[in-house]
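Novice: Pasting my_file-v9.txt below, which is compact mmCIF, C-alpha atoms and all ligand atoms.
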# COMPACT_ATOMS: atom_id res chain seq x y z
CA MET H 1 46.39 -0.81 9.89
CA LEU H 2 42.75 -1.19 9.00
CA GLY H 3 40.87 2.08 9.18
CA GLY H 4 43.81 3.55 11.05
CA GLN H 5 41.75 4.32 14.11
CA ILE H 6 43.12 5.74 17.36
CA ILE H 7 40.94 4.55 20.20
CA ILE H 8 41.25 4.71 23.96
CA HIS H 9 39.34 2.35 26.22
CA VAL H 10 38.97 3.38 29.86
CA ASP H 11 37.89 0.92 32.51
CA MET H 12 37.58 1.78 36.20
CA ASP H 13 39.26 -0.75 38.50
CA ALA H 14 36.89 -2.84 40.67
CA PHE H 15 34.52 0.07 40.29
CA TYR H 16 31.76 -0.41 42.90
CA ALA H 17 34.21 -1.68 45.50
CA SER H 18 36.69 1.14 44.83
CA VAL H 19 34.01 3.79 45.27
CA GLU H 20 32.98 2.27 48.60
CA MET H 21 36.60 2.09 49.79
CA ARG H 22 37.18 5.68 48.75
CA ASP H 23 34.21 6.78 50.83
CA ASP H 24 34.99 4.60 53.85
CA LYS H 25 38.69 4.23 54.50
CA THR H 26 38.15 1.50 57.10
CA LEU H 27 37.27 -0.85 54.22
CA ILE H 28 40.57 -0.40 52.42
CA ASP H 29 42.53 -3.42 53.61
CA LYS H 30 39.53 -5.69 54.06
CA PRO H 31 38.15 -8.11 51.49
CA LEU H 32 35.08 -6.24 50.21
CA ILE H 33 32.33 -8.01 48.32
CA ILE H 34 29.56 -5.99 46.69
CA GLY H 35 26.48 -7.96 45.72
CA SER H 36 23.93 -9.78 47.77
CA MET H 37 24.32 -10.67 51.43
CA PRO H 38 25.56 -14.18 52.34
CA ASN H 39 22.13 -15.06 53.73
CA GLU H 40 20.42 -14.07 50.48
CA ARG H 41 20.37 -15.90 47.19
CA GLY H 42 22.43 -14.10 44.61
CA VAL H 43 25.88 -13.40 43.23
CA VAL H 44 28.96 -11.22 43.60
CA SER H 45 28.66 -8.06 41.55
CA THR H 46 32.13 -6.61 42.17
CA CYS H 47 34.82 -7.28 44.73
CA ASN H 48 38.05 -5.52 45.62
CA TYR H 49 41.51 -6.90 44.93
CA GLU H 50 41.88 -8.01 48.56
CA ALA H 51 38.82 -10.27 48.07
CA ARG H 52 40.18 -11.56 44.77
CA LYS H 53 43.10 -13.04 46.74
CA TYR H 54 40.55 -15.53 48.09
CA GLY H 55 39.55 -16.48 44.58
CA ILE H 56 36.36 -14.44 44.68
CA ARG H 57 35.18 -13.18 41.28
CA SER H 58 32.27 -11.23 39.78
CA GLY H 59 29.34 -13.48 39.02
CA MET H 60 30.30 -16.03 41.69
CA ASN H 61 27.51 -17.40 43.86
CA ILE H 62 27.45 -15.39 47.09
CA LYS H 63 27.39 -18.55 49.22
CA GLU H 64 30.60 -19.71 47.54
CA ALA H 65 32.17 -16.29 48.16
CA PHE H 66 31.18 -16.51 51.82
CA LYS H 67 32.67 -19.99 52.10
CA ARG H 68 35.95 -18.72 50.70
CA CYS H 69 36.06 -15.63 52.84
CA PRO H 70 33.67 -15.59 55.79
CA LYS H 71 35.50 -12.60 57.29
CA GLY H 72 34.90 -10.46 54.21
CA VAL H 73 32.74 -7.36 54.28
CA PHE H 74 29.57 -7.98 52.28
CA MET H 75 27.63 -5.00 50.98
CA HIS H 76 24.66 -4.22 48.75
CA PRO H 77 25.49 -2.02 45.76
CA ASN H 78 24.64 1.66 45.94
CA PHE H 79 23.75 2.43 42.33
CA ASP H 80 22.82 6.08 42.81
CA LYS H 81 26.33 6.78 44.04
CA TYR H 82 27.99 4.86 41.18
CA ILE H 83 25.93 6.72 38.59
CA LYS H 84 27.15 10.05 39.97
CA VAL H 85 30.78 8.96 39.71
CA SER H 86 30.10 7.57 36.25
CA ASN H 87 28.83 10.97 35.11
CA GLN H 88 32.01 12.60 36.43
CA LEU H 89 34.07 10.10 34.44
CA HIS H 90 32.07 10.95 31.31
CA GLU H 91 32.85 14.64 31.80
CA ILE H 92 36.56 13.92 31.89
CA LEU H 93 36.41 11.74 28.75
CA GLU H 94 34.25 14.18 26.83
CA SER H 95 36.73 16.97 27.45
CA TYR H 96 38.91 15.27 24.80
CA THR H 97 36.34 14.43 22.16
CA ASP H 98 32.61 14.27 21.62
CA ARG H 99 33.09 10.81 20.15
CA ALA H 100 32.63 8.80 23.34
CA GLU H 101 30.74 5.55 23.73
CA TYR H 102 29.93 4.03 27.09
CA ILE H 103 29.35 0.33 27.45
CA ALA H 104 28.88 0.25 31.21
CA LEU H 105 28.80 2.66 34.13
CA ASP H 106 32.54 2.35 34.54
CA GLU H 107 33.72 1.70 31.03
CA GLY H 108 33.88 3.50 27.71
CA TYR H 109 35.71 4.23 24.48
CA ILE H 110 36.83 7.53 23.07
CA ASP H 111 37.80 7.93 19.46
CA LEU H 112 40.77 10.23 18.89
CA THR H 113 41.12 9.49 15.17
CA GLY H 114 41.54 12.84 13.45
CA LYS H 115 41.64 14.60 16.82
CA VAL H 116 45.31 14.03 17.43
CA ASN H 117 48.23 14.36 15.03
CA SER H 118 50.33 11.58 16.41
CA TRP H 119 50.30 8.43 18.45
CA GLU H 120 52.47 10.27 20.98
CA GLN H 121 49.69 12.82 21.52
CA ALA H 122 47.13 10.06 22.09
CA ARG H 123 49.50 8.47 24.60
CA LYS H 124 49.70 11.78 26.48
CA ILE H 125 45.91 11.91 26.65
CA GLY H 126 45.79 8.34 27.91
CA HIS H 127 48.12 9.19 30.80
CA GLU H 128 46.33 12.44 31.48
CA ILE H 129 43.00 10.61 31.82
CA LYS H 130 44.53 8.33 34.43
CA LYS H 131 45.93 11.33 36.30
CA ARG H 132 42.65 13.22 36.23
CA VAL H 133 40.64 10.19 37.37
CA ARG H 134 43.07 9.84 40.26
CA GLU H 135 43.00 13.53 41.19
CA GLU H 136 39.40 14.44 40.47
CA LEU H 137 37.62 11.21 41.41
CA SER H 138 40.21 9.76 43.85
CA LEU H 139 39.91 6.46 41.97
CA THR H 140 42.06 4.45 39.62
CA CYS H 141 41.32 3.27 36.13
CA SER H 142 43.06 1.24 33.46
CA VAL H 143 43.61 2.70 30.04
CA GLY H 144 44.23 0.96 26.74
CA LEU H 145 45.29 2.78 23.58
CA ALA H 146 44.98 0.90 20.31
CA TYR H 147 44.10 0.84 16.63
CA SER H 148 40.66 -0.77 17.14
CA LYS H 149 37.93 -1.19 19.74
CA THR H 150 38.73 -4.82 20.47
CA ALA H 151 42.42 -4.06 20.79
CA ALA H 152 41.79 -1.03 23.03
CA LYS H 153 39.62 -3.11 25.34
CA THR H 154 42.24 -5.86 25.37
CA ALA H 155 44.91 -3.27 26.16
CA SER H 156 43.04 -1.83 29.13
CA GLU H 157 42.69 -5.34 30.59
CA GLU H 158 46.37 -6.07 30.14
CA LYS H 159 47.90 -4.29 33.13
CA LYS H 160 44.96 -3.99 35.50
CA PRO H 161 44.65 -2.42 38.03
CA ASP H 162 45.87 1.15 37.47
CA GLY H 163 47.27 -0.05 34.16
CA TYR H 164 48.29 1.52 30.91
CA PHE H 165 49.00 -0.46 27.77
CA GLU H 166 49.17 0.14 24.04
CA ILE H 167 48.47 -2.05 21.04
CA PRO H 168 49.44 0.14 18.09
CA SER H 169 48.89 -2.32 15.26
CA ARG H 170 47.09 -5.40 14.11
CA GLU H 171 50.37 -7.35 14.20
CA ASP H 172 50.94 -6.38 17.82
CA PHE H 173 47.44 -7.51 18.69
CA VAL H 174 47.80 -10.89 17.00
CA THR H 175 51.19 -11.52 18.63
CA LEU H 176 49.72 -10.75 22.03
CA VAL H 177 46.61 -12.93 21.86
CA LEU H 178 47.65 -15.73 19.49
CA ASP H 179 48.07 -18.41 22.15
CA ARG H 180 45.35 -17.21 24.46
CA ASN H 181 41.90 -18.71 24.76
CA VAL H 182 39.37 -17.45 22.19
CA LYS H 183 37.55 -15.80 25.07
CA SER H 184 40.31 -13.21 25.15
CA LEU H 185 38.70 -11.85 21.96
CA TYR H 186 36.36 -10.25 24.39
CA THR H 187 33.30 -10.36 22.13
CA VAL H 188 33.51 -14.15 22.38
CA GLY H 189 31.30 -15.21 25.27
CA GLU H 190 30.99 -18.48 27.11
CA LYS H 191 28.43 -19.84 24.62
CA THR H 192 30.47 -19.10 21.51
CA ALA H 193 33.60 -20.45 23.17
CA LYS H 194 31.81 -23.74 23.84
CA LYS H 195 30.63 -23.92 20.25
CA LEU H 196 34.15 -23.29 18.98
CA HIS H 197 35.50 -25.92 21.35
CA LEU H 198 33.27 -28.47 19.58
CA TYR H 199 35.18 -27.69 16.39
CA GLY H 200 38.45 -28.23 18.26
CA ILE H 201 39.12 -24.53 18.57
CA ASP H 202 40.38 -23.25 21.90
CA THR H 203 42.98 -20.65 21.14
CA VAL H 204 43.10 -17.72 18.77
CA ARG H 205 45.71 -19.65 16.81
CA ASP H 206 43.25 -22.55 16.38
CA LEU H 207 40.71 -20.06 15.14
CA GLN H 208 43.15 -18.73 12.56
CA ASN H 209 44.09 -22.23 11.44
CA LYS H 210 40.50 -23.37 11.05
CA SER H 211 39.16 -20.12 9.66
CA ASN H 212 37.57 -21.72 6.62
CA GLU H 213 35.62 -24.26 8.64
CA VAL H 214 34.47 -21.60 11.07
CA LYS H 215 33.22 -19.43 8.23
CA ILE H 216 31.32 -22.36 6.74
CA PHE H 217 29.81 -23.61 9.98
CA MET H 218 29.09 -20.32 11.66
CA GLY H 219 28.24 -18.06 8.74
CA LYS H 220 28.31 -14.33 9.40
CA GLN H 221 29.30 -14.78 13.02
CA GLY H 222 32.13 -17.04 11.87
CA GLU H 223 33.43 -14.40 9.47
CA TYR H 224 33.39 -11.85 12.23
CA LEU H 225 35.29 -14.16 14.60
CA VAL H 226 37.93 -14.95 12.03
CA ASP H 227 38.39 -11.22 11.38
CA LEU H 228 38.94 -10.68 15.09
CA ALA H 229 41.43 -13.53 15.28
CA PHE H 230 43.48 -11.76 12.61
CA GLY H 231 43.06 -8.44 14.41
CA PHE H 232 40.64 -6.91 11.93
CA ASP H 233 38.01 -4.79 13.63
CA ASP H 234 36.80 -1.61 12.01
CA ARG H 235 33.82 -1.01 14.29
CA LYS H 236 33.45 2.67 15.02
CA VAL H 237 33.03 4.36 18.35
CA THR H 238 29.39 5.38 18.20
CA PRO H 239 28.42 8.14 20.58
CA TYR H 240 24.99 8.26 22.04
CA ARG H 241 23.12 11.19 20.53
CA GLU H 242 19.84 12.63 21.66
CA GLU H 243 18.45 12.57 18.12
CA ASP H 244 19.00 8.88 17.58
CA THR H 245 17.48 7.83 20.85
CA LYS H 246 15.17 5.08 20.04
CA SER H 247 12.30 4.52 22.35
CA ILE H 248 9.60 1.95 22.76
CA SER H 249 6.23 3.10 24.00
CA LYS H 250 2.68 1.87 24.16
CA GLU H 251 -0.32 4.06 24.70
CA PHE H 252 -4.03 3.64 24.94
CA THR H 253 -6.86 6.02 24.02
CA PHE H 254 -10.07 5.44 25.93
CA GLN H 255 -13.43 5.40 24.15
CA LYS H 256 -14.59 7.87 26.76
CA ASP H 257 -12.46 10.10 28.98
CA VAL H 258 -11.68 8.78 32.42
CA SER H 259 -11.08 10.51 35.72
CA SER H 260 -10.02 7.57 37.90
CA PHE H 261 -6.27 7.58 38.45
CA LYS H 262 -6.54 4.11 39.91
CA LEU H 263 -7.76 2.95 36.53
CA LEU H 264 -4.89 4.80 34.82
CA ASP H 265 -2.44 3.13 37.17
CA ASP H 266 -3.84 -0.30 36.36
CA VAL H 267 -3.72 0.43 32.64
CA LEU H 268 -0.05 1.42 33.01
CA PHE H 269 0.53 -1.99 34.58
CA ILE H 270 -0.86 -3.67 31.47
CA LEU H 271 0.93 -1.37 29.03
CA SER H 272 4.23 -2.00 30.83
CA PHE H 273 4.02 -5.64 29.79
CA ARG H 274 3.49 -4.59 26.20
CA VAL H 275 6.54 -2.28 26.34
CA ALA H 276 8.66 -4.93 28.07
CA GLY H 277 7.60 -7.58 25.55
CA ARG H 278 8.66 -5.44 22.63
CA ALA H 279 11.98 -4.48 24.26
CA LYS H 280 12.72 -8.14 24.98
CA ARG H 281 11.97 -9.18 21.42
CA LEU H 282 14.42 -6.52 20.19
CA GLY H 283 16.98 -7.39 22.87
CA LEU H 284 16.98 -3.82 24.17
CA TYR H 285 17.21 -2.33 27.62
CA GLY H 286 16.06 1.17 28.55
CA GLU H 287 17.76 3.56 30.90
CA GLY H 288 14.66 5.68 31.38
CA VAL H 289 10.92 5.28 31.79
CA SER H 290 8.38 7.76 30.46
CA LEU H 291 4.74 8.54 31.08
CA LYS H 292 2.41 10.26 28.66
CA ILE H 293 -1.00 11.68 29.49
CA THR H 294 -3.40 13.50 27.19
CA TYR H 295 -6.19 15.32 28.97
CA SER H 296 -9.72 15.79 27.61
CA ASN H 297 -8.77 19.30 26.41
CA MET H 298 -6.11 17.63 24.19
CA LYS H 299 -3.27 18.98 26.29
CA SER H 300 -0.52 16.36 26.41
CA ILE H 301 2.21 16.01 28.96
CA THR H 302 5.15 13.64 29.18
CA ARG H 303 7.16 12.93 32.27
CA SER H 304 10.27 10.81 32.38
CA MET H 305 12.87 9.53 34.77
CA ILE H 306 16.26 7.86 34.46
CA ILE H 307 16.34 4.66 36.43
CA SER H 308 19.35 3.35 38.30
CA GLU H 309 19.89 0.36 36.05
CA SER H 310 18.81 -0.32 32.48
CA THR H 311 15.86 -2.64 32.26
CA ASN H 312 13.26 -4.32 30.12
CA ASP H 313 11.41 -5.74 33.04
CA ALA H 314 7.67 -5.03 33.01
CA TYR H 315 7.34 -4.50 36.73
CA THR H 316 10.21 -2.02 36.87
CA ILE H 317 8.65 -0.06 34.02
CA TYR H 318 5.29 -0.10 35.76
CA GLU H 319 6.68 0.93 39.17
CA ASN H 320 8.41 3.96 37.68
CA ALA H 321 5.53 4.97 35.43
CA SER H 322 3.27 4.67 38.44
CA LYS H 323 5.53 7.00 40.45
CA LEU H 324 5.41 9.51 37.60
CA LEU H 325 1.62 9.28 37.46
CA LYS H 326 1.33 10.22 41.14
CA ASN H 327 2.91 13.57 40.36
CA VAL H 328 0.77 14.79 37.47
CA SER H 329 -2.33 16.90 37.93
CA LYS H 330 -5.66 15.13 38.14
CA GLY H 331 -8.31 15.63 35.50
CA GLU H 332 -10.25 13.98 32.72
CA VAL H 333 -7.87 11.86 30.68
CA ARG H 334 -8.29 10.50 27.16
CA LEU H 335 -4.93 8.83 26.62
CA VAL H 336 -2.34 7.19 28.81
CA GLY H 337 0.96 5.67 27.76
CA THR H 338 4.33 4.54 29.01
CA GLY H 339 7.65 3.77 27.40
CA LEU H 340 11.32 2.99 27.69
CA TYR H 341 13.95 5.30 26.26
CA HIS H 342 17.76 5.60 26.10
CA LEU H 343 17.73 2.11 24.69
CA ARG H 344 20.86 0.01 24.65
CA GLU H 345 21.69 -3.48 23.60
CA GLU H 346 22.47 -5.99 26.29
CA ASP H 347 26.19 -5.88 25.60
CA GLY H 348 28.12 -4.26 28.40
CA ARG H 349 25.19 -3.91 30.71
CA GLN H 350 25.99 -3.98 34.41
CA LEU H 351 24.33 -6.62 36.51
CA SER H 352 21.08 -5.20 37.80
CA PHE H 353 19.63 -5.63 41.24
CA ALA H 354 17.35 -8.36 39.94
CA ASP H 355 20.31 -10.13 38.34
CA ILE H 356 22.26 -9.99 41.56
CA PHE H 357 19.54 -11.06 43.92
CA SER H 358 17.41 -13.93 42.82
CA THR H 359 15.30 -13.24 45.91
CA GLN H 360 14.57 -9.89 44.27
CA LYS H 361 13.40 -11.77 41.18
CA ASP H 362 11.07 -13.91 43.26
CA MET H 363 9.76 -10.83 45.02
CA ILE H 364 9.00 -9.18 41.71
CA LYS H 365 7.18 -12.29 40.53
CA GLU H 366 5.10 -12.22 43.67
CA LYS H 367 4.31 -8.55 43.29
CA ILE H 368 3.18 -9.14 39.72
CA GLN H 369 0.97 -12.04 40.74
CA SER H 370 -0.63 -10.14 43.56
CA LYS H 371 -1.26 -7.12 41.34
CA TRP H 372 -3.04 -9.32 38.77
CA GLN H 373 -5.06 -10.90 41.56
CA LYS H 374 -6.12 -7.58 43.02
CA MET H 375 -7.11 -6.33 39.60
CA SER H 376 -9.11 -9.48 38.89
CA MET H 377 -11.01 -9.04 42.13
CA TYR H 378 -11.55 -5.36 41.63
CA TYR H 379 -12.78 -5.42 38.02
CA LYS H 380 -14.25 -8.93 38.23
CA ILE H 381 -12.28 -9.75 35.11
CA ASP H 382 -10.17 -12.84 34.54
CA PHE H 383 -6.95 -11.48 33.05
CA ASP H 384 -5.40 -14.88 32.38
CA GLU H 385 -6.22 -14.66 28.71
CA ILE H 386 -4.20 -11.51 28.12
CA LYS H 387 -1.25 -12.18 30.39
CA ASP H 388 1.01 -12.99 27.48
CA MET H 389 0.03 -9.63 25.91
CA GLN H 390 0.42 -11.00 22.39
CA ASN H 391 -2.98 -10.04 21.04
CA SER H 392 -3.13 -6.26 21.21
CA ILE H 393 -6.78 -6.02 20.17
CA LYS H 394 -7.76 -8.35 22.96
CA VAL H 395 -5.62 -6.40 25.44
CA TYR H 396 -7.27 -3.14 24.47
CA ASP H 397 -10.67 -4.81 24.74
CA TYR H 398 -9.90 -5.71 28.31
CA ILE H 399 -8.84 -2.16 29.12
CA GLU H 400 -12.16 -0.87 27.77
CA GLN H 401 -13.96 -3.40 29.95
CA MET H 402 -12.01 -2.13 32.95
CA ARG H 403 -13.08 1.41 32.12
CA GLU H 404 -16.71 0.38 31.96
CA VAL H 405 -16.51 -1.42 35.29
CA MET H 406 -14.85 1.64 36.82
CA VAL H 407 -17.55 3.96 35.47
CA SER H 408 -20.36 1.79 36.78
CA MET H 409 -18.67 1.61 40.18
CA GLN H 410 -18.26 5.37 40.28
CA LYS H 411 -21.95 5.75 39.49
CA TYR H 412 -22.87 3.25 42.17
CA ASN H 413 -20.77 5.03 44.76
CA SER H 414 -22.10 8.51 44.05
MG MG H 501 35.67 -2.00 35.38
Now, as a test, write the supplied structure out as structure tokens.
Ligand SMILES: [Mg+2]
Specialist:
Amino acid sequence: MLGGQIIIHVDMDAFYASVEMRDDKTLIDKPLIIGSMPNERGVVSTCNYEARKYGIRSGMNIKEAFKRCPKGVFMHPNFDKYIKVSNQLHEILESYTDRAEYIALDEGYIDLTGKVNSWEQARKIGHEIKKRVREELSLTCSVGLAYSKTAAKTASEEKKPDGYFEIPSREDFVTLVLDRNVKSLYTVGEKTAKKLHLYGIDTVRDLQNKSNEVKIFMGKQGEYLVDLAFGFDDRKVTPYREEDTKSISKEFTFQKDVSSFKLLDDVLFILSFRVAGRAKRLGLYGEGVSLKITYSNMKSITRSMIISESTNDAYTIYENASKLLKNVSKGEVRLVGTGLYHLREEDGRQLSFADIFSTQKDMIKEKIQSKWQKMSMYYKIDFDEIKDMQNSIKVYDYIEQMREVMVSMQKYNS
């Protein structure tokens, strides 16, 4: 057993839908589809098991879902509520170990290696988690206990819903998945599966048999895939720790202090694109947005807020930074900045509102366009040249120009 890890993966069953059914009993025996409304463009985020009987699945176009089940109950997600429940789940998991890693609102690993003396003890904890989730949250979850992260995740999928399953060893894992599609090695996505298919590889067994070719053609990724196919996975459960929070922020110091909060708001709009651009290049999503202000007396303040879904979208960053700005005291300001923190990689991210509703995406695009337009009219500046935000010197040049325009307007008005 490589590394000899003891890992539990917990996954809530049909999470969003289950929370809604818990809070409104009349929904229980109806097909419930959480996502966009049938008259909107978008997809299914989660549906209950009743809806799955109609062949409805997460990610399915909402129109298709409606066609399959016009009598279903369609609902928008209520992220604030799900986040609360998610925090309660985290409390339960962290009562067993501080080594917990969450990969989605409703899903996480705990590492019991060294915490328990026997497999039997880990099994007890696995069952206890299920019991506590049932009693304390009035929800069900599926639990997988295994020797590695991949195997634990596979195990929790195995008996869904309200399932419990164990994969104690590498051999057990390989026996279980050998004749399944490569996608059952859950780190293999649609894209990789297609690539493998081109090499004539569809099942885990194929992957084992052609391991040399895969390593040659796919390099590092190939090596990793072959390891998985043989059940080798020594990735550690990596808890989120305050001290290793990475953050991405951009700030701007004015040549001369400014007092116009409208100007600060517009500068935040520009800086948000810089932050978003950097996050996108790094493939990171932030769970929180921050605002930094330094006043003319050198006093600095930072304000931050957790947002309901992780993002690297410029407009979302701006909207939240702008909200934060409205609540700080007015005064002469020398520096303004905004950032994203609690960064995560894309892996395991829940679908966001914008992902679910393409109308939402269009709306955001429109909002961005109209904001640029308004700013162009206000400052009499053509921002087209800096819209890609690549050239930071140029961007900062424009901000200085905006400041000068603002100052001259203030003079004119007084
Ligand atoms: Mg789930």
Novice: Grab me every residue within 9 Å of ligand MG 501 (chain H), counting only C-alpha atoms and all ligand atoms, and send it over as a JSON list (two decimals) with C-alpha atoms, in the coordinates of the input.
Specialist:
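Result file follows (pocket-v6.json):
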[["chain", "number", "residue", "atom", "x", "y", "z"],
["H", 10, "VAL", "CA", 38.97, 3.38, 29.86],
["H", 11, "ASP", "CA", 37.89, 0.92, 32.51],
["H", 12, "MET", "CA", 37.58, 1.78, 36.20],
["H", 13, "ASP", "CA", 39.26, -0.75, 38.50],
["H", 14, "ALA", "CA", 36.89, -2.84, 40.67],
["H", 15, "PHE", "CA", 34.52, 0.07, 40.29],
["H", 16, "TYR", "CA", 31.76, -0.41, 42.90],
["H", 46, "THR", "CA", 32.13, -6.61, 42.17],
["H", 104, "ALA", "CA", 28.88, 0.25, 31.21],
["H", 105, "LEU", "CA", 28.80, 2.66, 34.13],
["H", 106, "ASP", "CA", 32.54, 2.35, 34.54],
["H", 107, "GLU", "CA", 33.72, 1.70, 31.03],
["H", 141, "CYS", "CA", 41.32, 3.27, 36.13],
["H", 142, "SER", "CA", 43.06, 1.24, 33.46]]
Novice: Set the distance at 12 Å and use all atoms listed in the file: which residues neighbour range 393-398 of chain H once local chain neighbours fewer than 4 positions away are removed? I'd like the list as a PyMOL selection string.
Specialist: chain H and resi 250-255+266-267+269-271+273-274+375-376+379-389+402-405
Novice: Hey, can you spit out that residue selection with C-alpha atoms as a PDB file, in the coordinates of the input?
Specialist:
ATOM      1  CA  LYS H 250       2.680   1.870  24.160  1.00  0.00           C
ATOM      2  CA  GLU H 251      -0.320   4.060  24.700  1.00  0.00           C
ATOM      3  CA  PHE H 252      -4.030   3.640  24.940  1.00  0.00           C
ATOM      4  CA  THR H 253      -6.860   6.020  24.020  1.00  0.00           C
ATOM      5  CA  PHE H 254     -10.070   5.440  25.930  1.00  0.00           C
ATOM      6  CA  GLN H 255     -13.430   5.400  24.150  1.00  0.00           C
ATOM      7  CA  ASP H 266      -3.840  -0.300  36.360  1.00  0.00           C
ATOM      8  CA  VAL H 267      -3.720   0.430  32.640  1.00  0.00           C
ATOM      9  CA  PHE H 269       0.530  -1.990  34.580  1.00  0.00           C
ATOM     10  CA  ILE H 270      -0.860  -3.670  31.470  1.00  0.00           C
ATOM     11  CA  LEU H 271       0.930  -1.370  29.030  1.00  0.00           C
ATOM     12  CA  PHE H 273       4.020  -5.640  29.790  1.00  0.00           C
ATOM     13  CA  ARG H 274       3.490  -4.590  26.200  1.00  0.00           C
ATOM     14  CA  MET H 375      -7.110  -6.330  39.600  1.00  0.00           C
ATOM     15  CA  SER H 376      -9.110  -9.480  38.890  1.00  0.00           C
ATOM     16  CA  TYR H 379     -12.780  -5.420  38.020  1.00  0.00           C
ATOM     17  CA  LYS H 380     -14.250  -8.930  38.230  1.00  0.00           C
ATOM     18  CA  ILE H 381     -12.280  -9.750  35.110  1.00  0.00           C
ATOM     19  CA  ASP H 382     -10.170 -12.840  34.540  1.00  0.00           C
ATOM     20  CA  PHE H 383      -6.950 -11.480  33.050  1.00  0.00           C
ATOM     21  CA  ASP H 384      -5.400 -14.880  32.380  1.00  0.00           C
ATOM     22  CA  GLU H 385      -6.220 -14.660  28.710  1.00  0.00           C
ATOM     23  CA  ILE H 386      -4.200 -11.510  28.120  1.00  0.00           C
ATOM     24  CA  LYS H 387      -1.250 -12.180  30.390  1.00  0.00           C
ATOM     25  CA  ASP H 388       1.010 -12.990  27.480  1.00  0.00           C
ATOM     26  CA  MET H 389       0.030  -9.630  25.910  1.00  0.00           C
ATOM     27  CA  MET H 402     -12.010  -2.130  32.950  1.00  0.00           C
ATOM     28  CA  ARG H 403     -13.080   1.410  32.120  1.00  0.00           C
ATOM     29  CA  GLU H 404     -16.710   0.380  31.960  1.00  0.00           C
ATOM     30  CA  VAL H 405     -16.510  -1.420  35.290  1.00  0.00           C
TER      31      VAL H 405
END
Novice: How far is it from CA of Lys371 in chain H to CA of Ser290 in chain H, in Å with one decimal?
Specialist: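 Rounded to one decimal, the two atoms are 20.8 Å apart.
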Novice: To one decimal in Å, tell me the separation between CA of Ile368 in chain H and CA of Asp313 in chain H.
Specialist: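 Distance reported for this atom pair: 11.1 Å.
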Novice: Considering all atoms listed in the file, return as number ranges by chain whatever protein or nucleic-acid residues lie within 10 Å of range 123-137 of chain H, sequence-local ones (same chain, fewer than 5 positions apart) excluded.
Specialist: H: 7-10, 12, 19, 22, 85-86, 88-89, 92-93, 95-96, 112, 116, 118, 142-146, 162-166
Novice: With a distance cut-off of 8 Å and only C-alpha atoms, select the neighbouring residues of Glu345 in chain H, excluding the residue or stretch itself and same-chain residues fewer than 6 positions from it, and output the selection as a list in words.
Specialist: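 The neighbour list is Gly283, Leu284 and Tyr285 of chain H.
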Novice: Hey, what's within 7 Å of range 55-65 of chain H if we count only C-alpha atoms and toss same-chain stuff fewer than 3 positions away? As a list in words, please?
Specialist: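 Surrounding residues, per the criterion: Ser36, Pro38, Gly42, Val43, Val44, Ser45, Thr46, Cys47, Ala51, Arg52, Arg68 and Cys69 of chain H.
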Novice: Tyr341 in chain H: which residues within 6 Å, counting all atoms listed in the file, same-chain residues fewer than 4 positions away excluded, as a PyMOL selection string?
Specialist: chain H and resi 247+286+288
Novice: Quick one: of H:Ala155, H:Leu263, H:Met377, H:Ile399, who's nearest to Val177 in chain H, counting only C-alpha atoms?
Specialist: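 Under the stated criterion, the closest residue is H:Ala155.
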Novice: One decimal, Å: what's the distance from CA of Gly114 in chain H over to CA of Phe230 in chain H, could you say?
Specialist: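 It comes out at 24.7 Å.
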Novice: Considering only C-alpha atoms, state which residue in the set H:Ile33, H:Ala229, H:Ile110, H:Met218 is at the smallest distance from Asp202 in chain H.
Specialist: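 Among the listed residues, the smallest separation from Asp202 in chain H belongs to H:Ala229.
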Novice: Rank H:Arg334, H:Lys53, H:Lys323, H:Lys195 by their smallest atom-to-atom distance to Lys256 in chain H, using all atoms listed in the file, and report the top residue only.
Specialist: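 For Lys256 in chain H, the nearest of the candidates is H:Arg334.
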Novice: Taking (-2.0, 9.9, 30.1) in the file's own coordinates, collect the residues within 7 Å, counting only C-alpha atoms, and hand them back as a PyMOL selection string.
Specialist: chain H and resi 291-295+333-337
Novice: Which protein, DNA or RNA residues are at most 10 Å from (36.7, -6.7, 18.1) in the file's coordinates when you count only C-alpha atoms, listed as a PyMOL selection string?
Specialist: chain H and resi 148-154+185-188+224-225+227-229+231-235
